[in-house]
Amino acid sequence: MITLKQLTKIYRTTEVETAALRDINLKVTVGEFIAVMGPSGCGKSTFLNIVGMLDSPTGGEYWFGDQNIAGRSETQLSELRKNSIGFVFQSFNLIDELNVSENVELALLYHRDISRSERKTRVHDALARVKIGHRARHMPQQLSGGQQQRVAIARAVVSRPKLILADEPTGNLDSANGEEVMQLLTEMNGEGTTVVMVTHSHSHAEYAHRIVNLLDGALVTESIRQVL
Amino acid sequence: MFRHYLTTAFRNFAKHRLYSFINIAGLAVGLACAIFIVLFLRDELSYDRWIPDSENLYRVEVNNVVPGRELMKAAVAPFPMPRSMQDHIPEVKAMTRLAREPMDVRAGDRQFSETVDVVDPNFFQVFKLPLLRGDPAAVLAHPESIVLSQSEARKYFGDADPIGKTLDVTEGFGFGGTNATVHPLTVTGILRDLPHNTHLLADFIMPNSSQADGMPQSAKESWEAEQSYGYVLVEPNADPQAVLAKFNPIVDQNVDSTKDGSPKMRGSEHEQVHLTQIWNIHLTSDNNIGAVKPAGNWATVYGFAVIAMLILLVACFNFTNLATARAMLRAREISLRKAVGATRRQLITQFLGEAVITALIALVVALALVEVLLPTYDQFLNQPITFDYLADWQLFLGLIVTAIAAGLVSGAYPALVLSRFQPAAVLKSNASGQTGSGFARMVLVVLQFSVSIGLGIAVIVVFRQIDFARHADLGFNRDGLVILFVGNNLPPAGQESFAHALADSPAIAGVAESTTVPFMSAYYDAKVQVPGNSQISPFRMMNLSPEFPQLYEMQLLAGRYLSRAHGEDTLPAYLFTGGAQKPQETTDNRNVLINAQGARRLGWTANEAIGKVVTLVDARVVIVGVLADPKMDGVKTSAVPMVYGYSPEANYYFSIRIHGAALSEAMSHIDKTWRSFVPGSPLQSFFLSDSFEGQFKSDERQGQMFSFFVGIAIFIACLGLFGLAAFTAQRRTKEIGLRKVFGARTRDIVRLLLWQFSIPVLIANVIAWPVAYYYLHRWLESYAYRISLSPLYFLAAGVTALTIAWLTIIAHAVRIARASPILSLRYE
């Protein structure tokens with residue numbers, strides 16, 4: 001599903017040049033669950049942003065399916081993101097002015113081909129899936145951390161993406177809530193959704209099929225935990 | 001999607017109440033001001049447009065050109081001119097004329113002095129005014145008929161039907177002759193009271209075929225005397241310039257420029273004929289000589305239109321500034337929207353939509369403000385300004401479009417900034433993205449304050465000029481003078497004894513007669529020539545009694561005043577009034593006064609002029625005194641060469657100086673004396689100081705409007721500054737905490753924050769001062785006597801703006817400066 005060839009990301013200022021990613025070569029197959037690990041500042045989040053088409057590489061190639069992402073316009077990338085990728089963030093990133101149901105619906109609003117009634121149905125199903133349907137009218141400030149992250153997961157899956165990118169999804173949660181979130185991600189992966197997750201937690205990385213280690217922007221090791 | 005945007009927008013408003021209030025209030029006030037100005041401008045532009053079939057109706061006007069003298073623009077024209085146009089120019093379909101004549105009008109025991117419109121019998125066929133009773137084609141067919149307005153009909157006849165009733169009219173002025181004959185006129189028509197937005201004042205309308213018409217036949221035949229208003233109706237596609245081009249040769253044939261003392265020149269050069277479409281009269285030629293009503297002018301229209309736009313722009317800048325400054329608060333939302341697939345275009349649409357919604361809410365508030373304040377506004381302008389949403393649907397629609405445009409203008413830059421946020425930078429750390437260019441925000445604050453300071457300087461200068469004009473030394477004492485208009489109510493023989501009777505009271509300090517009084521701008525034209533010198537100098541001439549200059553405390557530069565003791569100090573009446581010299585009148589070696597300007601025109605100093613003989617019209621007169629240049633028309637026009645003489649037979653005004661403390665006693669004495677001499681006629685009097693003040697009413701009213709709107713512009717700018725300061729102070733909490741940790745005192749922090757917002761105000765001064773100087777310098781040039789543009793005016797406006805800015809932000813600055821650094825650093 002994802003092919004990275006000699007992927008590089010360099011941040012330049014007037015005085016300093018920093019290589020956040022250096023010559024990353026990686027393939028992710030459909031239905032795979034990848035955990036990306038490494039110390040702080042090694043480039044994990046940069047890696048995820050590029051894979052999620054929220055940022056552009058400086059060099060190398062990025063193939064999403066059979067499509068080369070390089071040189072695509074922002075509109076084309078938005079279209080790809082919308083149709084193919086769901087995001088789960090460490091800090092949940094729910095919109096305070098929208099309630100739970102509206103936050104989840106946000107991921108469907110920009111799909112012109114999905115009618116209002118279908119949006120409502122999908123939102124209902126997604127909230128039920130993560131067992132937060134009873135809080136549909138609540139505002140994010142009224143939820144616990146674990147509940148907010150479940151809403152974020154519902155938002156990530158409501159558009160039925162092929163790929164979920166999770167950036168330290170359990171980083172702000174206690175162990176019980178963290179486990180719940182990992183269970184959900186594993187379930188989604190079990191249904192065929194490819195998951196790429198950045199994590200600091202070794203125990204949560206164990207849920208993945210493959211663990212990829214980054215160090216100073218380079219991919220240093222890979223280990224297979226489970227056979228796909 | 002639209003519903004989602006609406007929900008998001010309203011919830012944002014509710015969450016950030018202070019900033020929503022500042023945005024909406026700023027836009028609402030800006031829109032309300034713009035609405036008030038638009039209503040005023042609409043009224044100014046609406047004059048006479050309501051008259052049916054008037055788009056091809058023009059007023060014939062004449063500019064008098066005399067070499068060496070200021071161009072005299074008149075709203076009136078020679079009586080024969082419009083008829084001649086109709087007779088000779090095929091494009092002219094019809095014509096009509098109107099002369100305004102003072103008359104005493106009586107019905108039963110009700111008698112008043114009125115001004116009657118004396119018109120051609122076809123008047124109502126050319127001017128399709130709303131006749132309630134009477135056929136336009138026939139209502140003035142009979143010579144001794146009269147049409148009244150509704151109000152006048154009620155005044156004279158109460159609730160009774162006025163049609164067929166009789167009004168007695170007595171000519172009040174007489175165009176130089178005396179005529180006290182009573183003429184009964186039959187009421188044949190009733191005219192609906194005209195709305196305020198017309199140049200016409202039609203209360204009484206009678207045909208010029210009537211015996212009561214006071215215009216002498218000589219005036220009706222003269223091509224040199226501009227005595228009446230003439231109107232022509234032209235073919236729909238006719239070009240007025242082409243009509244004039246065809247008419248000029250006829251003017252050349254009929255006008256003799258030498259008749260009024262001007263040098264020989266082509267008639268059409270001496271009398272430049274213009275056609276002013278009647279819709280434009282109020283804003284153009286009603287400022288000319290002979291205008292019926294006080295007029296507007298295009299400069300005012302343009303000026304206020306510019307102010308309306310500037311105020312609205314200032315309000316829009318507010319919104320833009322606050323929205324971009326606060327953009328970081330929405331960074332996360334925007335990044336998330338991008339992450340789920342929103343394009344930049346969709347985000348721009350969302351934020352522009354929010355801006356437009358804000359503007360429309362502001363419009364609702366603005367309309368509510370207008371509803372509440374409209375009656376006060378009407379009173380202030382002294383004009384019935386109305387706004388009916390249904391009847392004025394085009395205006396209402398225009399306001400909605402304006403509000404939407406304001407929203408788009410305000411929201412464009414923030415939408416561009418907000419939609420530019422890069423999600424990667426924001427979503428990981430929840431940090432803020434870029435918030436747009438701080439430079440752009442500073443530019444907007446600079447522009448807002450430039451507008452405010454520029455307008456502030458203008459207000460100071462306008463009121464200083466008005467104050468200067470009000471207190472300027474006019475060369476005579478205008479206070480404590482009651483002016484009595486006698487017209488032809490008193491024959492010349494009776495005027496002297498009337499003057500003695502008036503003066504016979506301890507409350508009266510002095511009495512003088514004259515043909516005109518200051519601020520009336522009614523003088524005779526005369527040609528003056530030095531014997532042996534071929535050059536003829538155009539002068540203005542004024543008839544005044546010997547007491548006049550001393551009564552008015554006019555300074556005598558050389559020679560002596562005129563005196564009743566000297567028989568040669570009188571002039572024959574025909575020199576003032578035209579007409580023929582009477583057989584018994586002698587004209588040579590009569591004495592006159594001139595003014596200093598007149599002496600200069602003749603090539604003399606004041607002392608050199610004493611004893612000199614000059615030719616005045618066709619008489620040889622001796623200059624016995626030279627007055628300083630009294631500014632008889634106020635400070636707007638410069639002094640012109642004047643000659644003053646005395647004829648007992650051509651006086652229409654009595655000037656009465658009263659002792660200050662004895663006002664009521666003086667007025668009672670004047671009234672009693674009048675009744676004893678002229679029992680049948682009402683007393684017409686006014687204070688000269690009121691007449692003087694009336695010169696400024698329009699300027700002052702506009703100055704007050706101007707300063708009100710300037711205040712609004714400053715208020716809106718400060719509203720924005722308040723919001724910006726609050727937000728900036730909040731953003732700098734961490735920085736300020738650190739500064740305090742490292743030793744900064746409260747006053748250091750306050751100074752830091754005040755200085756941040758002083759810079760744009762100081763830069764605004766640099767922009768505003770030269771622009772204000774340029775335009776105000778040009779405006780002041782329209783005054784013959786004017787103030788100079790002192791640097792203090794500019795400094796005052798700049799310092800005031802800076803002080804207001806400081807007062808606006810100081811509360812935030814002190815609050816933040818006093819906050820504990822521990823709190824700000826702990827929760828960073």
# chains A, B, ... in the order shown; residues from 1 in each chain; ligands from 1
>>> residues_around(residues="Arg225 (chain A)", least_positions_apart="6", cutoff="8 Å", atoms="only C-alpha atoms", output="PyMOL selection string")
chain A and resi 206+208-211
>>> residues_around(residues="region 56-65 of chain A", least_positions_apart="4", cutoff="12 Å", atoms="only C-alpha atoms", output="number ranges by chain")
A: 1-12, 18-30, 46-52, 69-74, 77, 80-81, 84-85, 162-163; B: 422-424
>>> write_last_selection(atoms="N, CA and C atoms", output="CSV table (one decimal), in the first residue's frame")
chain,number,residue,atom,x,y,z
A,1,MET,N,0.8,-1.2,0.0
A,1,MET,CA,0.0,0.0,0.0
A,1,MET,C,0.9,1.3,0.0
A,2,ILE,N,1.9,1.2,0.8
A,2,ILE,CA,2.8,2.4,0.9
A,2,ILE,C,4.2,1.9,0.5
A,3,THR,N,4.8,2.7,-0.4
A,3,THR,CA,6.2,2.4,-0.7
A,3,THR,C,7.0,3.7,-0.6
A,4,LEU,N,8.0,3.6,0.2
A,4,LEU,CA,8.9,4.8,0.4
A,4,LEU,C,10.3,4.4,-0.1
A,5,LYS,N,10.8,5.2,-1.0
A,5,LYS,CA,12.2,5.0,-1.6
A,5,LYS,C,13.0,6.2,-1.3
A,6,GLN,N,14.0,6.0,-0.6
A,6,GLN,CA,15.1,7.0,-0.3
A,6,GLN,C,14.4,8.3,0.2
A,7,LEU,N,13.4,8.1,1.0
A,7,LEU,CA,12.6,9.3,1.4
A,7,LEU,C,13.4,10.2,2.4
A,8,THR,N,13.5,11.4,2.1
A,8,THR,CA,14.3,12.4,2.9
A,8,THR,C,13.4,13.6,3.2
A,9,LYS,N,13.7,14.1,4.4
A,9,LYS,CA,13.0,15.4,4.8
A,9,LYS,C,14.1,16.3,5.5
A,10,ILE,N,14.3,17.4,4.9
A,10,ILE,CA,15.3,18.3,5.4
A,10,ILE,C,14.6,19.6,5.8
A,11,TYR,N,14.8,20.1,7.0
A,11,TYR,CA,14.3,21.5,7.4
A,11,TYR,C,15.5,22.4,7.3
A,12,ARG,N,15.2,23.5,6.6
A,12,ARG,CA,16.3,24.5,6.4
A,12,ARG,C,15.9,25.9,6.9
A,18,THR,N,18.6,20.8,9.0
A,18,THR,CA,18.4,19.6,9.8
A,18,THR,C,17.7,18.6,9.0
A,19,ALA,N,18.3,17.4,9.0
A,19,ALA,CA,17.7,16.2,8.3
A,19,ALA,C,16.8,15.5,9.2
A,20,ALA,N,15.5,15.7,9.1
A,20,ALA,CA,14.6,15.0,10.0
A,20,ALA,C,14.5,13.5,9.6
A,21,LEU,N,14.5,13.3,8.3
A,21,LEU,CA,14.5,11.9,7.8
A,21,LEU,C,15.5,11.7,6.7
A,22,ARG,N,16.2,10.6,6.7
A,22,ARG,CA,17.3,10.4,5.8
A,22,ARG,C,17.1,9.0,5.1
A,23,ASP,N,16.9,9.1,3.8
A,23,ASP,CA,16.9,7.8,3.0
A,23,ASP,C,16.1,6.7,3.6
A,24,ILE,N,14.9,7.0,3.9
A,24,ILE,CA,14.0,6.0,4.4
A,24,ILE,C,13.5,5.1,3.3
A,25,ASN,N,13.7,3.8,3.4
A,25,ASN,CA,13.1,2.8,2.5
A,25,ASN,C,12.2,1.9,3.2
A,26,LEU,N,10.9,1.9,2.8
A,26,LEU,CA,10.0,1.1,3.6
A,26,LEU,C,8.8,0.7,2.7
A,27,LYS,N,8.3,-0.5,2.9
A,27,LYS,CA,7.1,-0.9,2.2
A,27,LYS,C,6.1,-1.4,3.3
A,28,VAL,N,4.9,-0.9,3.1
A,28,VAL,CA,3.8,-1.3,4.0
A,28,VAL,C,2.7,-2.0,3.1
A,29,THR,N,2.4,-3.2,3.5
A,29,THR,CA,1.4,-3.9,2.7
A,29,THR,C,0.0,-3.7,3.2
A,30,VAL,N,-1.0,-4.0,2.4
A,30,VAL,CA,-2.4,-3.7,2.8
A,30,VAL,C,-2.7,-4.6,4.0
A,46,THR,N,7.5,13.3,12.0
A,46,THR,CA,7.8,13.8,10.6
A,46,THR,C,7.4,12.7,9.6
A,47,PHE,N,7.8,11.5,9.9
A,47,PHE,CA,7.6,10.3,9.1
A,47,PHE,C,6.1,10.2,8.9
A,48,LEU,N,5.3,10.3,10.0
A,48,LEU,CA,3.9,10.1,10.0
A,48,LEU,C,3.2,11.2,9.2
A,49,ASN,N,3.7,12.4,9.3
A,49,ASN,CA,3.1,13.5,8.6
A,49,ASN,C,3.3,13.4,7.1
A,50,ILE,N,4.4,12.9,6.7
A,50,ILE,CA,4.7,12.7,5.3
A,50,ILE,C,3.8,11.6,4.7
A,51,VAL,N,3.8,10.5,5.5
A,51,VAL,CA,2.9,9.3,5.0
A,51,VAL,C,1.5,9.8,5.0
A,52,GLY,N,1.1,10.7,5.9
A,52,GLY,CA,-0.3,11.2,5.9
A,52,GLY,C,-0.6,12.3,5.0
A,69,ILE,N,3.1,10.3,-5.1
A,69,ILE,CA,2.6,11.5,-4.4
A,69,ILE,C,3.4,12.7,-4.7
A,70,ALA,N,4.6,12.5,-5.2
A,70,ALA,CA,5.5,13.7,-5.4
A,70,ALA,C,4.8,14.6,-6.5
A,71,GLY,N,4.9,15.9,-6.2
A,71,GLY,CA,4.4,16.9,-7.2
A,71,GLY,C,2.9,17.1,-7.2
A,72,ARG,N,2.2,16.4,-6.3
A,72,ARG,CA,0.7,16.6,-6.3
A,72,ARG,C,0.4,17.9,-5.7
A,73,SER,N,-0.7,18.5,-6.2
A,73,SER,CA,-1.2,19.8,-5.6
A,73,SER,C,-1.9,19.5,-4.3
A,74,GLU,N,-2.0,20.6,-3.5
A,74,GLU,CA,-2.7,20.4,-2.2
A,74,GLU,C,-4.1,19.9,-2.4
A,77,LEU,N,-3.9,16.2,-2.9
A,77,LEU,CA,-3.6,15.5,-1.7
A,77,LEU,C,-4.8,15.5,-0.7
A,80,LEU,N,-7.0,12.8,-1.7
A,80,LEU,CA,-6.5,11.4,-1.4
A,80,LEU,C,-6.6,11.2,0.1
A,81,ARG,N,-6.3,12.2,0.9
A,81,ARG,CA,-6.4,12.1,2.4
A,81,ARG,C,-7.8,11.8,2.8
A,84,SER,N,-8.8,8.2,1.8
A,84,SER,CA,-8.0,7.0,2.1
A,84,SER,C,-7.4,7.0,3.5
A,85,ILE,N,-7.3,8.1,4.2
A,85,ILE,CA,-6.5,8.1,5.4
A,85,ILE,C,-7.4,8.6,6.6
A,162,LYS,N,-8.6,3.4,4.1
A,162,LYS,CA,-7.8,2.2,3.9
A,162,LYS,C,-6.7,2.2,4.9
A,163,LEU,N,-6.3,3.4,5.4
A,163,LEU,CA,-5.1,3.5,6.2
A,163,LEU,C,-5.5,4.4,7.4
B,422,GLN,N,-0.4,25.2,8.1
B,422,GLN,CA,0.1,23.9,7.8
B,422,GLN,C,-0.3,22.9,8.9
B,423,PRO,N,-1.0,21.9,8.7
B,423,PRO,CA,-1.5,21.0,9.7
B,423,PRO,C,-0.4,20.3,10.4
B,424,ALA,N,0.7,19.9,9.7
B,424,ALA,CA,1.8,19.2,10.4
B,424,ALA,C,2.3,20.0,11.5
>>> select_by_dssp(residues="region 295-495 of chain B", states="helix (DSSP H, G or I)", output="MDAnalysis selection string")
chainID B and resid 298:339 344:381 393:419 423:427 438:471 492:495
>>> interface_residues(of="chain B", to="chain A", cutoff="8 Å", atoms="only C-alpha atoms", output="list of chain:residue names")
B:Met1, B:Thr8, B:Arg11, B:Asn12, B:Lys15, B:Arg332, B:Glu333, B:Leu336, B:Arg337, B:Lys338, B:Ala339, B:Val340, B:Gly341, B:Ala342, B:Thr343, B:Arg344, B:Gln422, B:Pro423, B:Ala424, B:Leu427, B:Lys428, B:Ser429, B:Asn430
>>> closest_residue(among="A:Leu165, A:Val100, A:Val158, A:Met188", to="Gln142 (chain A)", atoms="only C-alpha atoms")
A:Val100
>>> closest_residue(among="A:Val196, A:Leu219, A:Val130, A:Val123", to="Glu180 (chain A)", atoms="only C-alpha atoms")
A:Val130
>>> select_by_dssp(residues="region 204-328 of chain B", states="strand (DSSP E or B)", output="list in words")
Phe204, Ile205, Met206, Pro207, Glu226, Gln227, Ser228, Tyr229, Gly230, Tyr231, Val232, Leu233, Val234, Glu271, Gln272, Val273, His274, Leu275, Thr276, Gln277 and Ile289 of chain B
>>> atom_distance(atom1="CA of Gln465 (chain B)", atom2="CA of Thr803 (chain B)")
25.0 Å
>>> closest_residue(among="B:Tyr644, B:Leu571, B:Gly603, B:Pro80", to="Arg540 (chain B)", atoms="only C-alpha atoms")
B:Tyr644
>>> closest_residue(among="B:Tyr774, B:Phe79, B:Trp604, B:Tyr302", to="Met215 (chain B)", atoms="only C-alpha atoms")
B:Phe79
>>> residues_around(residues="region 780-797 of chain B", least_positions_apart="4", cutoff="12 Å", atoms="only C-alpha atoms", output="MDAnalysis selection string")
chainID B and resid 299 449:474 631 633:640 710 714 761:762 764:776 801:804
>>> residues_around(residues="region 515-526 of chain B", least_positions_apart="4", cutoff="7 Å", atoms="only C-alpha atoms", output="PyMOL selection string")
chain B and resi 260-261+538-544+576+616-617+632-634+650-653+691-692
>>> write_last_selection(atoms="C-alpha atoms", output="compact mmCIF listing (two decimals), in the first residue's frame")
# COMPACT_ATOMS: atom_id res chain seq x y z
CA ASP B 260 -24.38 98.21 -17.24
CA GLY B 261 -21.09 100.02 -17.51
CA PRO B 538 -17.02 98.65 -12.43
CA PHE B 539 -18.13 99.56 -8.91
CA ARG B 540 -20.95 98.45 -6.69
CA MET B 541 -23.18 101.18 -5.38
CA MET B 542 -25.11 101.42 -2.18
CA ASN B 543 -27.66 103.99 -1.10
CA LEU B 544 -27.37 104.89 2.57
CA PHE B 576 -29.57 103.85 -8.01
CA LEU B 616 -20.74 107.99 -11.77
CA VAL B 617 -23.12 106.52 -14.38
CA MET B 632 -20.64 93.71 3.92
CA ASP B 633 -21.00 90.10 2.82
CA GLY B 634 -18.96 88.49 5.57
CA ALA B 650 -34.63 104.68 -2.67
CA ASN B 651 -34.55 103.30 0.86
CA TYR B 652 -36.18 100.05 1.90
CA TYR B 653 -34.46 99.24 5.17
CA SER B 691 -28.66 87.29 9.75
CA PHE B 692 -24.91 87.06 10.31
>>> residues_around(residues="Thr170 (chain A)", least_positions_apart="6", cutoff="9 Å", atoms="only C-alpha atoms", output="PyMOL selection string")
chain A and resi 89-90+146+149+177-179+181-182+199+201+204
